[in-house]
Amino acid sequence: MKQGQQIPTPAHPYRRREALPWQRPKALEEDPEAMRRVQAILKSPSYRPADTDPAFLARDDLRGVRLQIDYLKPELLLREHDIEQTIVVFGSTRIGEPAAALRKVQELRALLKVDKSNDELRRRLAVAARVQANSRYYDVAREFGRLVATANRGARKRHTAIVTGGGPGMMEAANRGAFDAGAKSVGLNISLPHEQYPNPYVTPELCFSFHYFALRKLHFLLRAKALVAFPGGYGTLDELFEVLTLIQTRKIKPMPVVLVGEAYWRRAVDVDFLVDEGVIDSEDRELFWFAETAQEAWNGILHWHDASGDPLHTAS
């Protein structure tokens with residue numbers, strides 16, 4: 001720098017003293033139709049930045065990008081919250097807490113008392129009675145969520161969190177147990193054609209809505225250290241058999257799989273029949289076990305990990 005040369009004041013990072021030419025539209029004096037044409041351009045979908053254009057992002061050609069961000073958003077937030085390992089809980093959305101199940105039975109009984117010949121009401125009452133009987137598992141799932149959360153309270157590393165599909169029923173119960181203990185828990189919702197709500201006990205910052213089932217399934221298992229399946233229907237069976245297949249084929253590292261409610265599961269799935277028919281091997285029967293209580297399920301998971309040489313890190 002030459003001696004005596006004055007150093008200019010640093011330019012403002014945003015403002016200018018003089019506007020640039022493109023900061024003003026073409027003058028009406030030059031073309032009376034200019035502003036109308038500019039407005040048409042500004043309103044055109046092509047002018048929207050790609051990342052703020054929902055219609056563009058929804059195109060078939062953008063599916064690869066959507067898959068990436070469907071994976072990446074939950075991944076980054078789970079890392080930010082130090083969720084390094086998880087216990088996944090599945091189960092029916094239709095089996096709620098016992099008080100609600102009892103009310104449904106009472107309502108149907110009252111209706112049937114008025115319309116005693118209604119066979120459809122009688123059928124619905126029988127189903128409601130079965131749901132009420134199974135509603136005891138809501139309390140088991142809630143206690144299980146509390147046990148996992150309590151065991152990891154204060155853990156310095158590899159905090160273990162409950163993960164569910166974020167819906168009602170058994171999933172709500174597991175999230176609620178963690179909520180009762182003041183712990184974080186995760187909910188992996190999926191966008192569906194009809195309206196839905198996440199259960200109110202998932203940690204708000206850890207409740208995600210996936211577009212693709214495949215990415216949701218991926219996040220269920222990326223950090224999973226165990227799967228606990230309560231009585232459930234198609235969705236529960238889908239996730240359970242997918243995990244069992246991945247373990248059977250060693251596509252993923254084996255993990256504990258606990259089926260809560262032996263009487264239910266033995267009737268829902270006859271694994272002994274599959275072995276006898278030769279469509280699975282006898283060792284495949286050993287990929288899971290049954291439990292009846294929350295403590296039994298949790299103790300079994302801890303024992304399995306100790307026996308595998310990869311114990312779960314807990315606060316205790």
# chains A, B, ... in the order shown; residues from 1 in each chain; ligands from 1
>>> residues_around(residues="Gln295 of chain A", least_positions_apart="5", cutoff="10 Å", atoms="only C-alpha atoms", output="PyMOL selection string")
chain A and resi 140+143-144+147-148+300-301
>>> write_last_selection(atoms="N, CA and C atoms", output="CSV table (one decimal), in the first residue's frame")
chain,number,residue,atom,x,y,z
A,140,VAL,N,-48.2,-53.4,30.3
A,140,VAL,CA,-46.9,-54.0,30.2
A,140,VAL,C,-46.0,-53.2,29.3
A,143,GLU,N,-44.9,-50.0,31.2
A,143,GLU,CA,-43.9,-50.4,32.2
A,143,GLU,C,-42.5,-50.7,31.5
A,144,PHE,N,-42.6,-51.3,30.4
A,144,PHE,CA,-41.3,-51.6,29.7
A,144,PHE,C,-40.6,-50.3,29.3
A,147,LEU,N,-39.0,-48.9,32.3
A,147,LEU,CA,-37.8,-49.6,32.7
A,147,LEU,C,-36.6,-49.2,31.8
A,148,VAL,N,-36.8,-49.2,30.5
A,148,VAL,CA,-35.7,-48.8,29.6
A,148,VAL,C,-35.2,-47.4,29.9
A,300,GLY,N,-34.3,-60.2,30.0
A,300,GLY,CA,-33.9,-61.1,28.9
A,300,GLY,C,-33.0,-60.4,27.9
A,301,ILE,N,-33.3,-59.1,27.6
A,301,ILE,CA,-32.5,-58.4,26.6
A,301,ILE,C,-31.1,-58.1,27.2
>>> closest_atom_pairs(of="segment 21-98 of chain A", to="segment 177-183 of chain A", cutoff="12 Å", atoms="only C-alpha atoms", output="CSV")
residue,atom,partner,partner_atom,distance
A:His81,CA,A:Ala183,CA,11.8
A:Ile83,CA,A:Ala183,CA,11.6
A:Ile87,CA,A:Ala178,CA,11.5
A:Val89,CA,A:Gly177,CA,11.7
>>> closest_residue(among="A:Glu292, A:Glu120, A:Asp284, A:Asp238", to="Leu259 of chain A", atoms="only C-alpha atoms")
A:Glu292
>>> closest_residue(among="A:Arg285, A:Lys184, A:Arg122, A:His219", to="Gly165 of chain A", atoms="only C-alpha atoms")
A:His219
>>> closest_atom_pairs(of="segment 145-183 of chain A", to="segment 95-118 of chain A", cutoff="12 Å", atoms="only C-alpha atoms", output="Markdown table")
| residue | atom | partner | partner_atom | distance |
| --- | --- | --- | --- | --- |
| A:Gly167 | CA | A:Gly96 | CA | 10.8 |
| A:Pro168 | CA | A:Gly96 | CA | 7.2 |
| A:Gly169 | CA | A:Gly96 | CA | 4.4 |
| A:Met170 | CA | A:Ile95 | CA | 6.5 |
| A:Met171 | CA | A:Gly96 | CA | 9.5 |
| A:Glu172 | CA | A:Gly96 | CA | 8.3 |
| A:Ala173 | CA | A:Glu97 | CA | 7.9 |
| A:Ala174 | CA | A:Gly96 | CA | 11.6 |
| A:Arg176 | CA | A:Glu97 | CA | 11.2 |
>>> closest_residue(among="A:Glu296, A:Glu283, A:Asp53, A:Asp82", to="Gly261 of chain A", atoms="only C-alpha atoms")
A:Glu296
>>> select_by_dssp(residues="segment 86-233 of chain A", states="strand (DSSP E or B)", output="MDAnalysis selection string")
chainID A and resid 86:90 160:164 185:190 207:210 224:229
>>> write_last_selection(atoms="N, CA and C atoms", output="PDB file, in the first residue's frame")
ATOM      1  N   THR A  86     -31.089 -47.969  20.308  1.00  0.00           N
ATOM      2  CA  THR A  86     -32.532 -47.926  20.553  1.00  0.00           C
ATOM      3  C   THR A  86     -33.087 -49.312  20.854  1.00  0.00           C
ATOM      4  N   ILE A  87     -34.210 -49.313  21.539  1.00  0.00           N
ATOM      5  CA  ILE A  87     -35.033 -50.506  21.721  1.00  0.00           C
ATOM      6  C   ILE A  87     -36.329 -50.242  20.972  1.00  0.00           C
ATOM      7  N   VAL A  88     -36.622 -51.057  19.975  1.00  0.00           N
ATOM      8  CA  VAL A  88     -37.783 -50.834  19.113  1.00  0.00           C
ATOM      9  C   VAL A  88     -38.975 -51.611  19.663  1.00  0.00           C
ATOM     10  N   VAL A  89     -40.107 -50.938  19.759  1.00  0.00           N
ATOM     11  CA  VAL A  89     -41.336 -51.565  20.257  1.00  0.00           C
ATOM     12  C   VAL A  89     -42.413 -51.468  19.187  1.00  0.00           C
ATOM     13  N   PHE A  90     -42.984 -52.622  18.827  1.00  0.00           N
ATOM     14  CA  PHE A  90     -44.106 -52.699  17.899  1.00  0.00           C
ATOM     15  C   PHE A  90     -45.319 -53.271  18.624  1.00  0.00           C
ATOM     16  N   THR A 160     -29.680 -45.283  25.447  1.00  0.00           N
ATOM     17  CA  THR A 160     -30.636 -46.162  24.777  1.00  0.00           C
ATOM     18  C   THR A 160     -32.034 -45.570  24.878  1.00  0.00           C
ATOM     19  N   ALA A 161     -32.675 -45.364  23.748  1.00  0.00           N
ATOM     20  CA  ALA A 161     -34.004 -44.750  23.726  1.00  0.00           C
ATOM     21  C   ALA A 161     -35.038 -45.711  23.160  1.00  0.00           C
ATOM     22  N   ILE A 162     -36.255 -45.583  23.649  1.00  0.00           N
ATOM     23  CA  ILE A 162     -37.395 -46.300  23.086  1.00  0.00           C
ATOM     24  C   ILE A 162     -37.739 -45.688  21.726  1.00  0.00           C
ATOM     25  N   VAL A 163     -37.964 -46.555  20.737  1.00  0.00           N
ATOM     26  CA  VAL A 163     -38.425 -46.112  19.414  1.00  0.00           C
ATOM     27  C   VAL A 163     -39.686 -46.892  19.065  1.00  0.00           C
ATOM     28  N   THR A 164     -40.709 -46.175  18.628  1.00  0.00           N
ATOM     29  CA  THR A 164     -41.939 -46.812  18.170  1.00  0.00           C
ATOM     30  C   THR A 164     -42.351 -46.189  16.838  1.00  0.00           C
ATOM     31  N   SER A 185     -37.963 -40.143  23.911  1.00  0.00           N
ATOM     32  CA  SER A 185     -38.297 -41.323  23.118  1.00  0.00           C
ATOM     33  C   SER A 185     -38.628 -40.876  21.705  1.00  0.00           C
ATOM     34  N   VAL A 186     -38.542 -41.824  20.777  1.00  0.00           N
ATOM     35  CA  VAL A 186     -38.628 -41.509  19.355  1.00  0.00           C
ATOM     36  C   VAL A 186     -39.903 -42.092  18.765  1.00  0.00           C
ATOM     37  N   GLY A 187     -40.512 -41.363  17.830  1.00  0.00           N
ATOM     38  CA  GLY A 187     -41.673 -41.852  17.093  1.00  0.00           C
ATOM     39  C   GLY A 187     -41.440 -41.695  15.600  1.00  0.00           C
ATOM     40  N   LEU A 188     -41.575 -42.787  14.864  1.00  0.00           N
ATOM     41  CA  LEU A 188     -41.373 -42.763  13.418  1.00  0.00           C
ATOM     42  C   LEU A 188     -42.712 -42.934  12.716  1.00  0.00           C
ATOM     43  N   ASN A 189     -43.413 -41.840  12.504  1.00  0.00           N
ATOM     44  CA  ASN A 189     -44.696 -41.862  11.797  1.00  0.00           C
ATOM     45  C   ASN A 189     -44.473 -42.038  10.299  1.00  0.00           C
ATOM     46  N   ILE A 190     -45.544 -42.388   9.589  1.00  0.00           N
ATOM     47  CA  ILE A 190     -45.498 -42.498   8.135  1.00  0.00           C
ATOM     48  C   ILE A 190     -46.668 -41.716   7.569  1.00  0.00           C
ATOM     49  N   CYS A 207     -39.980 -36.750  16.871  1.00  0.00           N
ATOM     50  CA  CYS A 207     -41.112 -37.370  16.176  1.00  0.00           C
ATOM     51  C   CYS A 207     -41.006 -37.004  14.695  1.00  0.00           C
ATOM     52  N   PHE A 208     -40.927 -38.019  13.839  1.00  0.00           N
ATOM     53  CA  PHE A 208     -40.676 -37.801  12.421  1.00  0.00           C
ATOM     54  C   PHE A 208     -41.821 -38.355  11.584  1.00  0.00           C
ATOM     55  N   SER A 209     -42.074 -37.706  10.465  1.00  0.00           N
ATOM     56  CA  SER A 209     -43.086 -38.181   9.522  1.00  0.00           C
ATOM     57  C   SER A 209     -42.385 -38.544   8.222  1.00  0.00           C
ATOM     58  N   PHE A 210     -42.334 -39.842   7.934  1.00  0.00           N
ATOM     59  CA  PHE A 210     -41.656 -40.326   6.730  1.00  0.00           C
ATOM     60  C   PHE A 210     -42.618 -40.377   5.551  1.00  0.00           C
ATOM     61  N   ALA A 224     -30.920 -50.095  16.353  1.00  0.00           N
ATOM     62  CA  ALA A 224     -31.672 -51.028  17.199  1.00  0.00           C
ATOM     63  C   ALA A 224     -30.767 -52.015  17.919  1.00  0.00           C
ATOM     64  N   LYS A 225     -31.025 -52.179  19.206  1.00  0.00           N
ATOM     65  CA  LYS A 225     -30.345 -53.185  20.018  1.00  0.00           C
ATOM     66  C   LYS A 225     -31.292 -54.282  20.483  1.00  0.00           C
ATOM     67  N   ALA A 226     -32.564 -54.144  20.158  1.00  0.00           N
ATOM     68  CA  ALA A 226     -33.555 -55.175  20.473  1.00  0.00           C
ATOM     69  C   ALA A 226     -34.879 -54.792  19.833  1.00  0.00           C
ATOM     70  N   LEU A 227     -35.697 -55.804  19.577  1.00  0.00           N
ATOM     71  CA  LEU A 227     -37.065 -55.606  19.098  1.00  0.00           C
ATOM     72  C   LEU A 227     -38.013 -56.299  20.065  1.00  0.00           C
ATOM     73  N   VAL A 228     -39.008 -55.556  20.529  1.00  0.00           N
ATOM     74  CA  VAL A 228     -40.027 -56.121  21.411  1.00  0.00           C
ATOM     75  C   VAL A 228     -41.368 -55.969  20.714  1.00  0.00           C
ATOM     76  N   ALA A 229     -42.009 -57.103  20.429  1.00  0.00           N
ATOM     77  CA  ALA A 229     -43.283 -57.091  19.700  1.00  0.00           C
ATOM     78  C   ALA A 229     -44.411 -57.503  20.623  1.00  0.00           C
TER      79      ALA A 229
END
>>> residues_around(residues="Leu57 of chain A", least_positions_apart="6", cutoff="12 Å", atoms="only C-alpha atoms", output="PDB file with C-alpha atoms, in the first residue's frame")
ATOM      1  CA  PRO A  45     -43.629 -21.940 -10.916  1.00  0.00           C
ATOM      2  CA  ARG A  48     -39.522 -20.538  -7.543  1.00  0.00           C
ATOM      3  CA  PRO A  49     -36.241 -21.722  -5.999  1.00  0.00           C
ATOM      4  CA  ALA A  50     -36.187 -25.509  -6.321  1.00  0.00           C
ATOM      5  CA  ASP A  51     -36.022 -26.116  -2.565  1.00  0.00           C
ATOM      6  CA  ARG A  63     -37.706 -39.349  -6.141  1.00  0.00           C
ATOM      7  CA  GLY A  64     -33.974 -39.881  -5.569  1.00  0.00           C
ATOM      8  CA  VAL A  65     -33.681 -36.489  -3.866  1.00  0.00           C
ATOM      9  CA  ARG A  66     -36.754 -37.182  -1.729  1.00  0.00           C
ATOM     10  CA  LEU A  67     -35.280 -40.512  -0.639  1.00  0.00           C
ATOM     11  CA  ILE A  69     -33.816 -36.083   2.520  1.00  0.00           C
TER      12      ILE A  69
END
>>> residues_around(residues="Val38 of chain A", least_positions_apart="5", cutoff="9 Å", atoms="only C-alpha atoms", output="CSV table (one decimal) with N, CA and C atoms, in the first residue's frame")
chain,number,residue,atom,x,y,z
A,25,PRO,N,-37.7,-2.7,-11.2
A,25,PRO,CA,-38.2,-3.2,-12.4
A,25,PRO,C,-38.1,-2.1,-13.5
A,26,LYS,N,-38.3,-2.6,-14.7
A,26,LYS,CA,-38.2,-1.7,-15.9
A,26,LYS,C,-39.2,-0.6,-15.7
A,33,GLU,N,-46.3,-2.0,-20.3
A,33,GLU,CA,-46.7,-3.4,-20.0
A,33,GLU,C,-45.6,-4.2,-19.2
A,43,LYS,N,-44.7,-14.9,-10.7
A,43,LYS,CA,-45.7,-15.9,-10.3
A,43,LYS,C,-45.5,-17.3,-10.9
>>> residues_around(residues="Leu222 of chain A", least_positions_apart="4", cutoff="10 Å", atoms="only C-alpha atoms", output="PyMOL selection string")
chain A and resi 75+84-86+217-218+252
>>> atom_distance(atom1="atom CA of Gln248 of chain A", atom2="atom CA of Trp298 of chain A")
22.4 Å
>>> decode(residues="segment 22-139 of chain A", atoms="C-alpha atoms", output="mmCIF file, in the first residue's frame")
data_model
loop_
_atom_site.group_PDB
_atom_site.id
_atom_site.type_symbol
_atom_site.label_atom_id
_atom_site.label_comp_id
_atom_site.auth_asym_id
_atom_site.auth_seq_id
_atom_site.Cartn_x
_atom_site.Cartn_y
_atom_site.Cartn_z
ATOM 1 C CA TRP A 22 -31.818 -5.279 -11.297
ATOM 2 C CA GLN A 23 -33.187 -4.067 -7.943
ATOM 3 C CA ARG A 24 -35.756 -1.963 -9.807
ATOM 4 C CA PRO A 25 -38.239 -3.180 -12.439
ATOM 5 C CA LYS A 26 -38.207 -1.655 -15.875
ATOM 6 C CA ALA A 27 -39.717 1.819 -15.849
ATOM 7 C CA LEU A 28 -43.342 2.133 -17.032
ATOM 8 C CA GLU A 29 -42.303 5.143 -19.068
ATOM 9 C CA GLU A 30 -40.155 2.836 -21.152
ATOM 10 C CA ASP A 31 -42.768 0.080 -21.475
ATOM 11 C CA PRO A 32 -46.250 0.408 -19.913
ATOM 12 C CA GLU A 33 -46.666 -3.416 -19.984
ATOM 13 C CA ALA A 34 -43.332 -4.138 -18.285
ATOM 14 C CA MET A 35 -44.665 -4.506 -14.724
ATOM 15 C CA ARG A 36 -47.467 -6.826 -15.805
ATOM 16 C CA ARG A 37 -44.962 -9.035 -17.582
ATOM 17 C CA VAL A 38 -42.589 -9.016 -14.605
ATOM 18 C CA GLN A 39 -45.416 -10.040 -12.260
ATOM 19 C CA ALA A 40 -46.261 -12.946 -14.567
ATOM 20 C CA ILE A 41 -42.648 -14.079 -14.403
ATOM 21 C CA LEU A 42 -42.522 -13.785 -10.601
ATOM 22 C CA LYS A 43 -45.701 -15.885 -10.287
ATOM 23 C CA SER A 44 -44.481 -18.601 -12.631
ATOM 24 C CA PRO A 45 -43.629 -21.940 -10.916
ATOM 25 C CA SER A 46 -40.394 -22.011 -12.896
ATOM 26 C CA TYR A 47 -39.176 -18.936 -10.987
ATOM 27 C CA ARG A 48 -39.522 -20.538 -7.543
ATOM 28 C CA PRO A 49 -36.241 -21.722 -5.999
ATOM 29 C CA ALA A 50 -36.187 -25.509 -6.321
ATOM 30 C CA ASP A 51 -36.022 -26.116 -2.565
ATOM 31 C CA THR A 52 -39.216 -24.077 -1.967
ATOM 32 C CA ASP A 53 -41.231 -25.554 -4.829
ATOM 33 C CA PRO A 54 -43.356 -28.460 -3.482
ATOM 34 C CA ALA A 55 -44.789 -29.323 -6.898
ATOM 35 C CA PHE A 56 -41.306 -29.632 -8.379
ATOM 36 C CA LEU A 57 -40.028 -31.716 -5.455
ATOM 37 C CA ALA A 58 -43.022 -34.052 -5.824
ATOM 38 C CA ARG A 59 -42.195 -34.966 -9.430
ATOM 39 C CA ASP A 60 -41.244 -38.559 -10.214
ATOM 40 C CA ASP A 61 -37.850 -37.402 -11.448
ATOM 41 C CA LEU A 62 -37.059 -36.062 -7.957
ATOM 42 C CA ARG A 63 -37.706 -39.349 -6.141
ATOM 43 C CA GLY A 64 -33.974 -39.881 -5.569
ATOM 44 C CA VAL A 65 -33.681 -36.489 -3.866
ATOM 45 C CA ARG A 66 -36.754 -37.182 -1.729
ATOM 46 C CA LEU A 67 -35.280 -40.512 -0.639
ATOM 47 C CA GLN A 68 -32.103 -38.749 0.434
ATOM 48 C CA ILE A 69 -33.816 -36.083 2.520
ATOM 49 C CA ASP A 70 -36.313 -38.612 3.959
ATOM 50 C CA TYR A 71 -33.271 -40.427 5.333
ATOM 51 C CA LEU A 72 -31.133 -37.446 6.241
ATOM 52 C CA LYS A 73 -33.494 -35.295 8.307
ATOM 53 C CA PRO A 74 -34.135 -37.923 11.031
ATOM 54 C CA GLU A 75 -30.514 -39.060 10.910
ATOM 55 C CA LEU A 76 -29.149 -35.591 11.639
ATOM 56 C CA LEU A 77 -31.655 -34.874 14.409
ATOM 57 C CA LEU A 78 -31.078 -38.246 16.094
ATOM 58 C CA ARG A 79 -27.352 -37.500 16.107
ATOM 59 C CA GLU A 80 -27.946 -34.038 17.537
ATOM 60 C CA HIS A 81 -29.918 -35.598 20.400
ATOM 61 C CA ASP A 82 -27.233 -38.246 21.043
ATOM 62 C CA ILE A 83 -29.543 -41.166 20.275
ATOM 63 C CA GLU A 84 -26.970 -43.869 19.584
ATOM 64 C CA GLN A 85 -28.846 -47.079 20.360
ATOM 65 C CA THR A 86 -32.532 -47.926 20.553
ATOM 66 C CA ILE A 87 -35.033 -50.506 21.721
ATOM 67 C CA VAL A 88 -37.783 -50.834 19.113
ATOM 68 C CA VAL A 89 -41.336 -51.565 20.257
ATOM 69 C CA PHE A 90 -44.106 -52.699 17.899
ATOM 70 C CA GLY A 91 -47.706 -53.645 18.597
ATOM 71 C CA SER A 92 -51.305 -53.041 17.678
ATOM 72 C CA THR A 93 -52.651 -49.508 17.339
ATOM 73 C CA ARG A 94 -56.087 -50.890 18.252
ATOM 74 C CA ILE A 95 -55.247 -52.099 21.754
ATOM 75 C CA GLY A 96 -55.471 -49.056 23.979
ATOM 76 C CA GLU A 97 -55.406 -48.544 27.699
ATOM 77 C CA PRO A 98 -57.717 -50.768 29.801
ATOM 78 C CA ALA A 99 -60.150 -48.011 30.819
ATOM 79 C CA ALA A 100 -60.846 -47.078 27.189
ATOM 80 C CA ALA A 101 -61.270 -50.747 26.211
ATOM 81 C CA LEU A 102 -63.756 -51.255 29.061
ATOM 82 C CA ARG A 103 -65.801 -48.223 27.980
ATOM 83 C CA LYS A 104 -66.096 -49.644 24.471
ATOM 84 C CA VAL A 105 -67.366 -52.963 25.816
ATOM 85 C CA GLN A 106 -69.906 -51.196 28.012
ATOM 86 C CA GLU A 107 -71.158 -49.075 25.114
ATOM 87 C CA LEU A 108 -71.694 -52.125 22.904
ATOM 88 C CA ARG A 109 -73.400 -54.054 25.696
ATOM 89 C CA ALA A 110 -75.826 -51.172 26.147
ATOM 90 C CA LEU A 111 -76.580 -51.100 22.412
ATOM 91 C CA LEU A 112 -77.070 -54.865 22.271
ATOM 92 C CA LYS A 113 -79.407 -54.723 25.238
ATOM 93 C CA VAL A 114 -81.681 -52.494 23.173
ATOM 94 C CA ASP A 115 -81.230 -54.454 19.923
ATOM 95 C CA LYS A 116 -80.816 -58.052 21.090
ATOM 96 C CA SER A 117 -81.189 -59.630 17.653
ATOM 97 C CA ASN A 118 -78.414 -57.611 16.025
ATOM 98 C CA ASP A 119 -75.756 -60.166 15.048
ATOM 99 C CA GLU A 120 -73.312 -57.489 13.903
ATOM 100 C CA LEU A 121 -73.458 -55.811 17.318
ATOM 101 C CA ARG A 122 -72.875 -59.179 18.949
ATOM 102 C CA ARG A 123 -69.824 -59.763 16.761
ATOM 103 C CA ARG A 124 -68.430 -56.316 17.535
ATOM 104 C CA LEU A 125 -68.960 -56.905 21.253
ATOM 105 C CA ALA A 126 -67.024 -60.176 21.068
ATOM 106 C CA VAL A 127 -64.137 -58.409 19.349
ATOM 107 C CA ALA A 128 -64.237 -55.553 21.867
ATOM 108 C CA ALA A 129 -64.123 -58.087 24.695
ATOM 109 C CA ARG A 130 -60.964 -59.603 23.190
ATOM 110 C CA VAL A 131 -59.413 -56.147 22.863
ATOM 111 C CA GLN A 132 -60.279 -55.488 26.483
ATOM 112 C CA ALA A 133 -58.632 -58.744 27.527
ATOM 113 C CA ASN A 134 -55.494 -57.815 25.580
ATOM 114 C CA SER A 135 -55.472 -54.266 26.931
ATOM 115 C CA ARG A 136 -53.444 -55.552 29.865
ATOM 116 C CA TYR A 137 -50.505 -55.428 27.477
ATOM 117 C CA TYR A 138 -50.836 -51.633 27.356
ATOM 118 C CA ASP A 139 -49.721 -51.549 30.972
#
